[in-house]
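Enquirer: Enclosed is the structure file entry-v1.cif (mmCIF, C-alpha atoms).
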```
data_work
loop_
_atom_site.label_atom_id
_atom_site.label_comp_id
_atom_site.auth_asym_id
_atom_site.auth_seq_id
_atom_site.Cartn_x
_atom_site.Cartn_y
_atom_site.Cartn_z
CA MET A 27 -54.63 13.97 124.14
CA SER A 28 -50.99 13.32 123.55
CA LEU A 29 -48.56 15.73 121.97
CA ILE A 30 -47.32 13.18 119.52
CA ASP A 31 -50.75 12.52 118.02
CA ASN A 32 -49.92 14.59 114.98
CA ILE A 33 -46.48 13.14 114.42
CA ASN A 34 -47.04 11.33 111.19
CA LYS A 35 -45.29 8.00 110.82
CA ALA A 36 -45.39 8.30 107.05
CA PHE A 37 -42.99 11.27 107.27
CA ASP A 38 -40.70 9.74 109.83
CA HIS A 39 -37.67 9.37 107.60
CA ARG A 40 -35.04 11.77 106.29
CA VAL A 41 -35.75 11.08 102.62
CA ARG A 42 -39.52 11.35 103.01
CA LEU A 43 -39.18 14.62 104.91
CA GLY A 44 -36.94 15.81 102.09
CA ILE A 45 -39.37 14.82 99.34
CA MET A 46 -42.26 16.56 101.06
CA SER A 47 -40.17 19.68 101.81
CA ILE A 48 -39.25 20.01 98.16
CA LEU A 49 -42.82 19.48 96.98
CA MET A 50 -44.17 22.03 99.45
CA VAL A 51 -42.22 24.88 97.84
CA ASN A 52 -42.11 23.65 94.23
CA ASP A 53 -45.15 22.97 92.08
CA TYR A 54 -43.51 19.77 90.93
CA ALA A 55 -40.14 18.04 90.85
CA ASP A 56 -38.88 15.22 88.69
CA PHE A 57 -37.03 12.14 89.85
CA ASN A 58 -33.58 13.48 89.04
CA MET A 59 -34.16 16.74 90.84
CA LEU A 60 -35.22 14.87 93.98
CA LYS A 61 -32.25 12.56 93.68
CA GLU A 62 -29.77 15.40 93.30
CA LEU A 63 -31.17 17.44 96.17
CA LEU A 64 -31.52 14.56 98.60
CA GLY A 65 -28.42 12.60 97.63
CA ALA A 66 -30.42 9.37 97.66
CA THR A 67 -29.91 6.31 95.48
CA ASP A 68 -32.45 5.38 92.78
CA GLY A 69 -33.82 2.39 94.68
CA ASN A 70 -34.01 4.19 97.98
CA LEU A 71 -35.80 7.17 96.50
CA ALA A 72 -38.18 4.95 94.50
CA SER A 73 -39.30 3.03 97.57
CA HIS A 74 -39.98 6.22 99.52
CA THR A 75 -41.92 7.88 96.72
CA LYS A 76 -43.92 4.66 96.43
CA ALA A 77 -44.81 4.77 100.12
CA LEU A 78 -45.84 8.43 99.93
CA LYS A 79 -47.89 7.71 96.85
CA ALA A 80 -49.63 4.78 98.56
CA ALA A 81 -50.62 7.18 101.37
CA GLU A 82 -51.92 9.52 98.64
CA TYR A 83 -49.67 12.32 99.88
CA ILE A 84 -48.01 12.81 96.52
CA LEU A 85 -49.16 12.59 92.91
CA VAL A 86 -47.07 10.82 90.31
CA GLU A 87 -47.22 11.76 86.65
CA LYS A 88 -45.36 9.79 84.04
CA GLN A 89 -44.63 11.37 80.71
CA PHE A 90 -42.11 11.52 77.92
CA ILE A 91 -39.75 14.39 77.23
CA GLY A 92 -38.68 13.61 73.70
CA ARG A 93 -37.94 9.93 73.94
CA LYS A 94 -36.88 9.93 77.57
CA PRO A 95 -39.36 8.79 80.18
CA ASN A 96 -39.76 11.38 82.89
CA THR A 97 -41.55 11.01 86.21
CA ARG A 98 -42.92 14.12 87.82
CA TYR A 99 -44.02 14.35 91.42
CA SER A 100 -46.24 16.90 93.12
CA ALA A 101 -47.77 17.14 96.58
CA SER A 102 -51.47 16.36 96.90
CA LYS A 103 -53.81 18.56 98.91
CA LEU A 104 -53.95 15.89 101.58
CA GLY A 105 -50.17 15.58 101.60
CA LYS A 106 -49.67 19.32 102.10
CA LEU A 107 -52.21 19.38 104.92
CA GLU A 108 -50.71 16.39 106.69
CA PHE A 109 -47.16 17.70 106.27
CA ARG A 110 -48.14 21.03 107.78
CA LYS A 111 -49.67 19.23 110.75
CA HIS A 112 -46.52 17.17 111.07
CA ILE A 113 -44.30 20.26 111.16
CA GLU A 114 -46.55 21.94 113.71
CA ALA A 115 -46.34 18.85 115.89
CA LEU A 116 -42.55 18.85 115.59
CA GLU A 117 -42.37 22.52 116.53
CA LYS A 118 -44.59 21.95 119.58
CA LEU A 119 -42.41 19.09 120.72
CA ILE A 120 -39.29 21.23 120.46
CA GLY A 121 -41.00 24.11 122.23
CA LYS A 122 -41.61 21.91 125.29
CA MET B 3 -38.88 11.62 123.35
CA ASN B 4 -35.77 12.60 121.47
CA SER B 5 -36.32 16.29 120.78
CA ASN B 6 -32.86 16.69 119.27
CA LYS B 7 -33.92 14.54 116.36
CA TYR B 8 -36.98 16.74 115.80
CA LEU B 9 -34.85 19.85 115.90
CA ASN B 10 -32.67 18.30 113.24
CA ASP B 11 -35.72 17.41 111.18
CA ILE B 12 -36.98 20.99 111.26
CA SER B 13 -33.66 22.52 110.28
CA GLU B 14 -33.27 19.99 107.49
CA ILE B 15 -36.77 20.79 106.18
CA LYS B 16 -35.92 24.50 106.10
CA ASP B 17 -32.60 23.87 104.40
CA ILE B 18 -34.09 21.66 101.69
CA MET B 19 -36.99 24.05 101.06
CA ASN B 20 -34.44 26.84 100.51
CA ARG B 21 -32.06 24.83 98.38
CA SER B 22 -34.78 23.36 96.20
CA SER B 23 -36.45 26.65 95.34
CA ARG B 24 -33.59 29.15 95.24
CA PHE B 25 -30.20 29.31 93.60
CA ILE B 26 -27.97 30.64 96.34
CA SER B 27 -24.50 30.44 94.81
CA LEU B 28 -24.57 33.88 93.20
CA SER B 29 -21.25 35.55 93.95
CA GLY B 30 -21.24 38.94 95.66
CA ILE B 31 -17.79 39.88 94.40
CA SER B 32 -18.95 39.42 90.80
CA GLY B 33 -21.52 42.16 91.46
CA VAL B 34 -18.78 44.49 92.71
CA LEU B 35 -16.63 43.77 89.65
CA ALA B 36 -19.59 44.25 87.29
CA GLY B 37 -20.09 47.65 88.91
CA VAL B 38 -16.42 48.56 88.44
CA TYR B 39 -16.54 47.57 84.76
CA ALA B 40 -19.70 49.65 84.33
CA ILE B 41 -18.10 52.75 85.85
CA VAL B 42 -14.93 52.36 83.76
CA GLY B 43 -17.14 51.86 80.69
CA ALA B 44 -19.18 54.94 81.52
CA GLY B 45 -15.95 56.92 81.96
CA LEU B 46 -14.68 55.82 78.54
CA ALA B 47 -18.04 56.62 76.97
CA TYR B 48 -18.01 60.05 78.60
CA MET B 49 -14.55 60.81 77.23
CA ARG B 50 -15.56 59.61 73.77
CA LEU B 51 -18.65 61.81 73.83
CA ASN B 52 -16.56 64.81 74.89
CA THR B 53 -14.17 64.48 71.95
CA VAL B 54 -17.14 64.74 69.61
CA SER B 55 -18.79 67.60 71.42
CA SER B 56 -15.70 69.78 71.28
CA ALA B 57 -14.94 68.95 67.67
CA ASN B 58 -18.48 69.34 66.49
CA TYR B 59 -20.29 71.82 68.66
CA ASP B 60 -23.68 71.26 67.09
CA LEU B 61 -24.07 67.96 68.81
CA LEU B 62 -24.22 69.63 72.22
CA SER B 63 -27.46 71.36 71.48
CA ASP B 64 -29.28 68.11 70.92
CA ARG B 65 -27.70 65.59 73.21
CA GLY B 66 -29.84 62.68 72.14
CA SER B 67 -30.98 62.14 68.62
CA SER B 68 -28.34 63.57 66.29
CA LEU B 69 -25.66 61.33 67.74
CA TRP B 70 -27.20 58.23 66.32
CA ASN B 71 -25.78 58.29 62.83
CA THR B 72 -22.08 58.87 63.50
CA ASP B 73 -19.01 56.82 64.19
CA ILE B 74 -19.49 57.42 67.85
CA VAL B 75 -22.41 54.98 67.95
CA LYS B 76 -20.05 52.22 66.93
CA ASP B 77 -17.59 53.10 69.68
CA LEU B 78 -20.27 53.40 72.35
CA THR B 79 -21.80 50.09 71.30
CA LEU B 80 -18.38 48.49 71.46
CA ILE B 81 -17.78 49.84 74.99
CA ALA B 82 -21.20 48.62 76.10
CA LEU B 83 -20.63 45.17 74.61
CA VAL B 84 -17.20 44.79 76.23
CA VAL B 85 -18.66 45.80 79.60
CA ILE B 86 -21.54 43.32 79.28
CA VAL B 87 -19.32 40.44 78.16
CA LEU B 88 -16.72 41.10 80.88
CA ALA B 89 -19.38 41.36 83.58
CA SER B 90 -21.17 38.20 82.40
CA VAL B 91 -17.99 36.13 82.13
CA THR B 92 -16.74 37.30 85.55
CA GLY B 93 -20.12 36.58 87.09
CA PHE B 94 -20.24 33.14 85.54
CA ILE B 95 -16.72 32.14 86.63
CA LEU B 96 -17.10 33.38 90.21
CA THR B 97 -20.55 31.80 90.56
CA LEU B 98 -19.19 28.52 89.19
CA ARG B 99 -16.42 28.62 91.78
CA LYS B 100 -18.81 29.35 94.61
CA SER B 101 -21.25 26.64 93.53
CA LYS B 102 -18.43 24.11 93.40
CA LYS B 103 -17.45 25.02 96.93
CA SER B 104 -20.98 24.69 98.25
CA GLY B 105 -21.65 21.54 96.24
CA GLU B 106 -24.57 23.07 94.37
CA ASN B 107 -24.88 22.11 90.72
CA ILE B 108 -24.58 25.30 88.65
CA TRP B 109 -27.10 24.20 86.02
CA ASN B 110 -29.92 22.74 88.10
CA THR B 111 -33.64 23.38 88.22
CA SER B 112 -33.19 26.43 90.48
CA SER B 113 -30.57 28.13 88.36
CA LYS B 114 -32.51 27.45 85.15
CA ARG B 115 -35.61 28.99 86.68
CA LEU B 116 -33.53 31.94 87.90
CA VAL B 117 -32.00 32.63 84.48
CA PHE B 118 -35.31 32.17 82.66
CA ASN B 119 -37.25 34.50 84.93
CA PHE B 120 -34.46 37.08 84.85
CA LEU B 121 -34.37 37.06 81.05
CA ILE B 122 -38.11 37.59 80.43
CA PRO B 123 -38.28 41.26 81.52
CA LEU B 124 -34.77 41.84 80.20
CA PHE B 125 -35.66 40.57 76.73
CA VAL B 126 -38.88 42.60 76.63
CA GLY B 127 -36.89 45.64 77.74
CA GLY B 128 -34.33 45.10 74.99
CA VAL B 129 -37.01 44.92 72.31
CA PHE B 130 -38.76 47.96 73.77
CA CYS B 131 -35.52 49.98 73.66
CA LEU B 132 -35.05 49.12 69.99
CA VAL B 133 -38.57 50.39 69.39
CA LEU B 134 -37.75 53.60 71.25
CA ILE B 135 -34.77 54.11 68.95
CA GLN B 136 -36.95 53.31 65.93
CA TYR B 137 -39.31 56.15 66.85
CA GLY B 138 -36.47 58.56 67.62
CA ALA B 139 -36.96 58.52 71.39
CA ALA B 140 -33.39 57.46 72.05
CA GLY B 141 -33.27 59.69 75.11
CA LEU B 142 -35.60 57.29 76.87
CA VAL B 143 -33.34 54.29 76.28
CA ALA B 144 -31.22 54.82 79.40
CA PRO B 145 -34.19 55.13 81.78
CA ALA B 146 -35.88 52.16 80.09
CA THR B 147 -32.83 49.90 80.47
CA LEU B 148 -32.65 50.79 84.17
CA ILE B 149 -36.37 50.14 84.71
CA PHE B 150 -36.44 46.82 82.86
CA TYR B 151 -33.22 45.64 84.51
CA GLY B 152 -34.80 46.48 87.86
CA LEU B 153 -37.94 44.53 86.95
CA ALA B 154 -35.78 41.58 85.90
CA CYS B 155 -34.05 41.65 89.31
CA VAL B 156 -37.34 41.86 91.19
CA ASN B 157 -38.71 38.95 89.15
CA ALA B 158 -35.57 36.85 89.62
CA SER B 159 -35.34 37.52 93.36
CA LYS B 160 -37.97 34.86 94.03
CA TYR B 161 -35.49 32.28 92.81
CA THR B 162 -32.31 33.45 94.48
CA LEU B 163 -31.14 35.48 97.48
CA GLY B 164 -34.04 37.75 98.44
CA ASP B 165 -31.81 40.83 98.64
CA VAL B 166 -31.73 41.06 94.85
CA ARG B 167 -35.30 42.34 95.15
CA TYR B 168 -34.15 45.54 96.87
CA MET B 169 -31.48 46.15 94.26
CA GLY B 170 -34.18 45.75 91.60
CA ILE B 171 -36.40 48.31 93.32
CA ALA B 172 -33.45 50.72 93.54
CA PHE B 173 -32.94 50.35 89.77
CA ILE B 174 -36.63 50.95 89.03
CA ILE B 175 -36.70 54.14 91.11
CA LEU B 176 -33.48 55.35 89.49
CA GLY B 177 -34.97 54.63 86.05
CA ILE B 178 -38.13 56.58 86.78
CA VAL B 179 -36.14 59.54 88.10
CA ALA B 180 -33.94 59.35 84.97
CA THR B 181 -36.98 59.88 82.72
CA GLN B 182 -37.04 63.47 84.01
CA PHE B 183 -33.40 64.08 83.15
CA ILE B 184 -33.16 63.11 79.49
CA GLY B 185 -29.64 63.58 78.18
CA TYR B 186 -28.00 62.56 81.45
CA GLY B 187 -28.51 58.84 80.84
CA LEU B 188 -24.82 58.09 81.17
CA TYR B 189 -24.73 59.44 84.74
CA PHE B 190 -27.76 57.39 85.72
CA TRP B 191 -26.25 54.33 84.09
CA ALA B 192 -23.05 54.80 86.08
CA LEU B 193 -25.09 55.32 89.24
CA GLY B 194 -27.23 52.23 88.61
CA PHE B 195 -25.07 49.62 86.92
CA GLY B 196 -21.97 50.95 88.63
CA VAL B 197 -22.70 52.18 92.14
CA CYS B 198 -25.78 50.02 92.83
CA HIS B 199 -23.98 46.85 91.72
CA ILE B 200 -20.94 47.64 93.85
CA LEU B 201 -23.04 48.44 96.92
CA TYR B 202 -25.22 45.34 96.70
CA GLY B 203 -22.39 43.09 95.63
CA ALA B 204 -20.37 44.16 98.67
CA LEU B 205 -23.41 43.77 100.90
CA MET B 206 -24.06 40.24 99.65
CA HIS B 207 -20.39 39.37 99.93
CA PHE B 208 -20.21 40.34 103.59
CA LYS B 209 -23.63 38.89 104.41
CA TYR B 210 -23.24 35.47 102.77
CA ASP B 211 -19.81 34.74 101.30
CA ARG B 212 -17.59 35.84 104.13
CA LYS B 213 -19.42 33.67 106.64
CA ASN B 214 -18.46 30.48 104.86
#
```
Written as structure tokens, that's how I'd like the structure from this file.

Expert:
Amino acid sequence: MSLIDNINKAFDHRVRLGIMSILMVNDYADFNMLKELLGATDGNLASHTKALKAAEYILVEKQFIGRKPNTRYSASKLGKLEFRKHIEALEKLIGK
Amino acid sequence: MNSNKYLNDISEIKDIMNRSSRFISLSGISGVLAGVYAIVGAGLAYMRLNTVSSANYDLLSDRGSSLWNTDIVKDLTLIALVVIVLASVTGFILTLRKSKKSGENIWNTSSKRLVFNFLIPLFVGGVFCLVLIQYGAAGLVAPATLIFYGLACVNASKYTLGDVRYMGIAFIILGIVATQFIGYGLYFWALGFGVCHILYGALMHFKYDRKN
């Protein structure tokens, strides 16, 4: 068994790590909050949330606040589990 | 394998988790100044109360209730309002300055959550104090304000620097002790809003602000 088995390719990017970190400690976050915290551009952030959604690690909820469309993200059960594994794997690698 | 990159990843994860869930730009110095205003206010209130007591000796016998229908109420309310406004404005300006320095938006999700969760116990406490006055239990107002302010701090501490929690607990204990010393509310107020604020403000200043 290799140490890097649990390193998850889906999280192997700064922005994706950031999105998951935020969603681990917040019940949900909307697009603007993610953008502000991560300092990412709209397109960049959109493509990463899309990838995480495709892996079913995050849930996307579209709604309207007044007349403005608002997209809310939250971490799925699977996403939280996989992210925890990913962090553990990272910590083990550093510990070596 | 490049373990430096992983180390970076981990520290970035921690940083983002902190920044996204807590508002960390609260200024320590503003706490110290709020405490100073409170002590000055308490001093003024004490002097104002003394002028009445010596002029109208009756009031001394019943330190709480009979005060509530005189001119003095107006003056005390004015002092309290000035202290609150000064403390709030100072806190806002210093926090704005600190948040600009650290690049944190002052009105973001974290700060909104912080303010909202701080105001819930505070609002309930305010209403409860009015009810206490309504039923003539004005002597319990000072302990109640301390207790509810403490609860507000404990509640808000989840969304800002964790140390606020200990200040909240100090306020709650002080408030409970104050219930046994009705008539000495002013001293407990000075001790709580004055001394506690100064102590914790200074502590936070040296722990967080000075480092940067």

Enquirer: Would you kindly identify which residues have an atom no farther than 12 Å from (-25.8, 47.8, 97.1), using only C-alpha atoms and the file's own coordinates, and write them out as a ChimeraX atom specification?

Expert: /B:30-31,33-34,37,165-173,193-209

Enquirer: Please write as a ChimeraX atom specification the full residue list that the PyMOL selection byres ((chain B) within 10 of (chain A)) yields on this file.

Expert: /B:3-12,14-24,106-107,110-112

Enquirer: Suppose you want the space between atom CA of Val179 of chain B and atom CA of Leu142 of chain B; what is it in Å?

Expert: 11.5 Å

Enquirer: For atom CA of Arg42 of chain A and atom CA of Phe25 of chain B, determine how far apart the two atoms are, in Å to one decimal place.

Expert: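 We find that atom CA of Arg42 of chain A and atom CA of Phe25 of chain B lie 22.3 Å from each other.
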
Enquirer: Care to translate the PyMOL selection byres ((chain A and resi 36) around 12) into actual residues of this file, as a PyMOL selection string?

Expert: chain A and resi 32-35+37-43+45-46+74-84+105+108-109+112

Enquirer: Skip segment 42-48 of chain B itself and residues of its chain fewer than 3 positions away, then list as a ChimeraX atom specification all residues within 8 Å of it, counting only C-alpha atoms.

Expert: /B:38-39,51-52,78,81-82,85,188-189,191-192

Enquirer: Looking at A:Lys88, A:Asn70, A:Lys106, A:Arg98, which one is nearest to Phe57 of chain A, with distances taken over only C-alpha atoms?

Expert: A:Arg98

Enquirer: Using atom CA of Thr162 of chain B and atom CA of Phe118 of chain B as the two end points, give the distance in Å to one decimal.

Expert: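 Atom-to-atom, atom CA of Thr162 of chain B to atom CA of Phe118 of chain B, that is 12.3 Å.
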
Enquirer: Apply the PyMOL selection byres ((chain B and resi 124) around 6) to the file shown and report the selected residues as a PyMOL selection string.

Expert: chain B and resi 121-123+125-127+150-151+154
